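**Student:** This structure is in structure tokens; I'll ask about it shortly.
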Amino acid sequence: MYLHFVFTAQPEEKYSIITLINEKLPGELFALTGFVLAFSIAIAWFKDLPDVVGDKVFKIKTFALLYSPQLAFRCGVFMVSIAYVVAIIWAYSTQNWYLLILSFPWHVHSLCKLHKLI
């Protein structure tokens, strides 16, 4: 949607996709996309954990069934942990201090709560 807005709001300017990525897309968009991608993958793995028996009966090949539910859980926690660590590093490295003040404590707190589950 953001790309559509950029292309339609300024039709007289012609952008290549590389120029658009380098000059027009904010860094927050990349950070959010990566964070949501990691969470989406972890949720896909977590949602299969309660129904391993049903997946086995119906021969549905899920990550938890192919390897083990424990490994699927640990990989999901690892994926979310990496997303939080990257978000913490990104918030710390940005020049926007309001982002650091607002997001850094929340991400550290969430990461600590997440690792109490293991």
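Residues are referred to by chain and number: the chain letter is A, B, ... according to the order shown in the structure tokens, the number counts from 1 in that chain, and ligands are numbered separately from 1 in the order shown.
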With only C-alpha atoms as the counted atoms, please give the residues lying no more than 8 Å from Phe63 in chain A, apart from itself and same-chain residues fewer than 5 positions off, as JSON, numbers by chain.

**Tutor:** {"A": [45, 48, 68, 69, 72]}

**Student:** With N, CA and C atoms retained, write the just-selected residues as an mmCIF file, in the first residue's frame.

**Tutor:**
data_model
loop_
_atom_site.group_PDB
_atom_site.id
_atom_site.type_symbol
_atom_site.label_atom_id
_atom_site.label_comp_id
_atom_site.auth_asym_id
_atom_site.auth_seq_id
_atom_site.Cartn_x
_atom_site.Cartn_y
_atom_site.Cartn_z
ATOM 1 N N TRP A 45 4.328 -22.363 13.381
ATOM 2 C CA TRP A 45 4.853 -23.549 14.066
ATOM 3 C C TRP A 45 4.091 -23.817 15.355
ATOM 4 N N ASP A 48 0.495 -25.598 15.319
ATOM 5 C CA ASP A 48 0.440 -27.037 15.068
ATOM 6 C C ASP A 48 0.772 -27.875 16.294
ATOM 7 N N SER A 68 9.959 -32.819 16.001
ATOM 8 C CA SER A 68 9.374 -33.092 17.315
ATOM 9 C C SER A 68 8.688 -31.827 17.804
ATOM 10 N N PRO A 69 7.663 -31.973 18.653
ATOM 11 C CA PRO A 69 7.005 -30.777 19.174
ATOM 12 C C PRO A 69 7.957 -29.888 19.987
ATOM 13 N N ALA A 72 10.036 -27.902 17.533
ATOM 14 C CA ALA A 72 9.211 -26.857 16.917
ATOM 15 C C ALA A 72 9.010 -25.693 17.888
#

**Student:** Name all residues at most 12 Å from Gly34 in chain A (count only C-alpha atoms; drop same-chain ones fewer than 3 positions away) and give them as a PDB file with N, CA and C atoms, in the first residue's frame.

**Tutor:**
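Final output, result23.pdb:
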ATOM      1  N   GLY A  27      13.263   3.142   7.172  1.00  0.00           N
ATOM      2  CA  GLY A  27      13.854   1.997   7.849  1.00  0.00           C
ATOM      3  C   GLY A  27      12.872   1.287   8.763  1.00  0.00           C
ATOM      4  N   GLU A  28      11.933   2.040   9.327  1.00  0.00           N
ATOM      5  CA  GLU A  28      10.935   1.436  10.203  1.00  0.00           C
ATOM      6  C   GLU A  28      10.115   0.382   9.472  1.00  0.00           C
ATOM      7  N   LEU A  29       9.896   0.599   8.185  1.00  0.00           N
ATOM      8  CA  LEU A  29       9.117  -0.352   7.393  1.00  0.00           C
ATOM      9  C   LEU A  29       9.836  -1.690   7.283  1.00  0.00           C
ATOM     10  N   PHE A  30      11.147  -1.657   7.090  1.00  0.00           N
ATOM     11  CA  PHE A  30      11.922  -2.895   7.016  1.00  0.00           C
ATOM     12  C   PHE A  30      11.964  -3.597   8.374  1.00  0.00           C
ATOM     13  N   ALA A  31      12.128  -2.820   9.439  1.00  0.00           N
ATOM     14  CA  ALA A  31      12.166  -3.398  10.779  1.00  0.00           C
ATOM     15  C   ALA A  31      10.830  -4.063  11.113  1.00  0.00           C
ATOM     16  N   LEU A  37       7.363 -10.908  10.026  1.00  0.00           N
ATOM     17  CA  LEU A  37       7.705 -12.153   9.345  1.00  0.00           C
ATOM     18  C   LEU A  37       8.155 -13.216  10.346  1.00  0.00           C
ATOM     19  N   ALA A  38       9.023 -12.841  11.274  1.00  0.00           N
ATOM     20  CA  ALA A  38       9.489 -13.796  12.287  1.00  0.00           C
ATOM     21  C   ALA A  38       8.328 -14.288  13.153  1.00  0.00           C
ATOM     22  N   PHE A  39       7.466 -13.380  13.570  1.00  0.00           N
ATOM     23  CA  PHE A  39       6.309 -13.777  14.367  1.00  0.00           C
ATOM     24  C   PHE A  39       5.365 -14.682  13.569  1.00  0.00           C
ATOM     25  N   SER A  40       5.179 -14.411  12.299  1.00  0.00           N
ATOM     26  CA  SER A  40       4.283 -15.223  11.476  1.00  0.00           C
ATOM     27  C   SER A  40       4.791 -16.652  11.352  1.00  0.00           C
ATOM     28  N   ILE A  41       6.082 -16.800  11.142  1.00  0.00           N
ATOM     29  CA  ILE A  41       6.661 -18.139  11.053  1.00  0.00           C
ATOM     30  C   ILE A  41       6.521 -18.873  12.382  1.00  0.00           C
ATOM     31  N   MET A  79      13.179 -18.075  16.979  1.00  0.00           N
ATOM     32  CA  MET A  79      12.824 -17.131  15.919  1.00  0.00           C
ATOM     33  C   MET A  79      12.299 -15.816  16.498  1.00  0.00           C
ATOM     34  N   VAL A  80      11.421 -15.913  17.482  1.00  0.00           N
ATOM     35  CA  VAL A  80      10.870 -14.709  18.113  1.00  0.00           C
ATOM     36  C   VAL A  80      11.964 -13.978  18.896  1.00  0.00           C
ATOM     37  N   ILE A  82      15.185 -13.907  18.205  1.00  0.00           N
ATOM     38  CA  ILE A  82      16.020 -13.203  17.233  1.00  0.00           C
ATOM     39  C   ILE A  82      15.314 -11.926  16.774  1.00  0.00           C
ATOM     40  N   ALA A  83      14.005 -12.000  16.566  1.00  0.00           N
ATOM     41  CA  ALA A  83      13.254 -10.806  16.162  1.00  0.00           C
ATOM     42  C   ALA A  83      13.344  -9.727  17.235  1.00  0.00           C
ATOM     43  N   TYR A  84      13.224 -10.119  18.511  1.00  0.00           N
ATOM     44  CA  TYR A  84      13.335  -9.140  19.595  1.00  0.00           C
ATOM     45  C   TYR A  84      14.746  -8.564  19.687  1.00  0.00           C
ATOM     46  N   VAL A  85      15.764  -9.412  19.540  1.00  0.00           N
ATOM     47  CA  VAL A  85      17.144  -8.923  19.616  1.00  0.00           C
ATOM     48  C   VAL A  85      17.423  -7.941  18.485  1.00  0.00           C
ATOM     49  N   VAL A  86      16.975  -8.272  17.289  1.00  0.00           N
ATOM     50  CA  VAL A  86      17.164  -7.358  16.162  1.00  0.00           C
ATOM     51  C   VAL A  86      16.412  -6.048  16.405  1.00  0.00           C
ATOM     52  N   ALA A  87      15.210  -6.134  16.952  1.00  0.00           N
ATOM     53  CA  ALA A  87      14.445  -4.915  17.249  1.00  0.00           C
ATOM     54  C   ALA A  87      15.151  -4.074  18.311  1.00  0.00           C
ATOM     55  N   TRP A  90      18.182  -2.532  16.596  1.00  0.00           N
ATOM     56  CA  TRP A  90      17.733  -1.491  15.672  1.00  0.00           C
ATOM     57  C   TRP A  90      17.295  -0.239  16.435  1.00  0.00           C
TER      58      TRP A  90
END

**Student:** With distances taken over only C-alpha atoms, which residue among A:Leu32, A:Leu99, A:Val77, A:Ile89 lies nearest Cys112 in chain A?

**Tutor:**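 Among the listed residues, A:Val77 lies closest to Cys112 in chain A.
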
**Student:** In Å, how far is it from CA of Lys59 in chain A to CA of Phe46 in chain A?

**Tutor:**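 Computing it gives 18.1 Å between the two atoms.
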
**Student:** I need the residues in range 8-70 of chain A that are helix (DSSP H, G or I) according to DSSP; give them as a PyMOL selection string.

**Tutor:** chain A and resi 8-9+17-24+27-47+49-57+63-66+69-70

**Student:** Work out how far apart CA of Leu100 in chain A and CA of Pro26 in chain A are and give it in Å to one decimal.

**Tutor:**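 About the pair CA of Leu100 in chain A and CA of Pro26 in chain A: they are 16.5 Å apart.
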
**Student:** Suppose you want the space between CA of Thr33 in chain A and CA of Ile101 in chain A; what is it in Å?

**Tutor:**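 So the answer is 20.9 Å.
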
**Student:** So which one's closest to Lys116 in chain A, A:Gln70, A:Asn22, A:Thr62, A:Ser81? Using only C-alpha atoms, please.

**Tutor:**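 Closest to Lys116 in chain A of all the choices is A:Ser81.
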
**Student:** Which one is closest to His107 in chain A: A:Val57, A:Leu71, A:Ile18, A:Ala91? Count only C-alpha atoms.

**Tutor:** A:Ala91
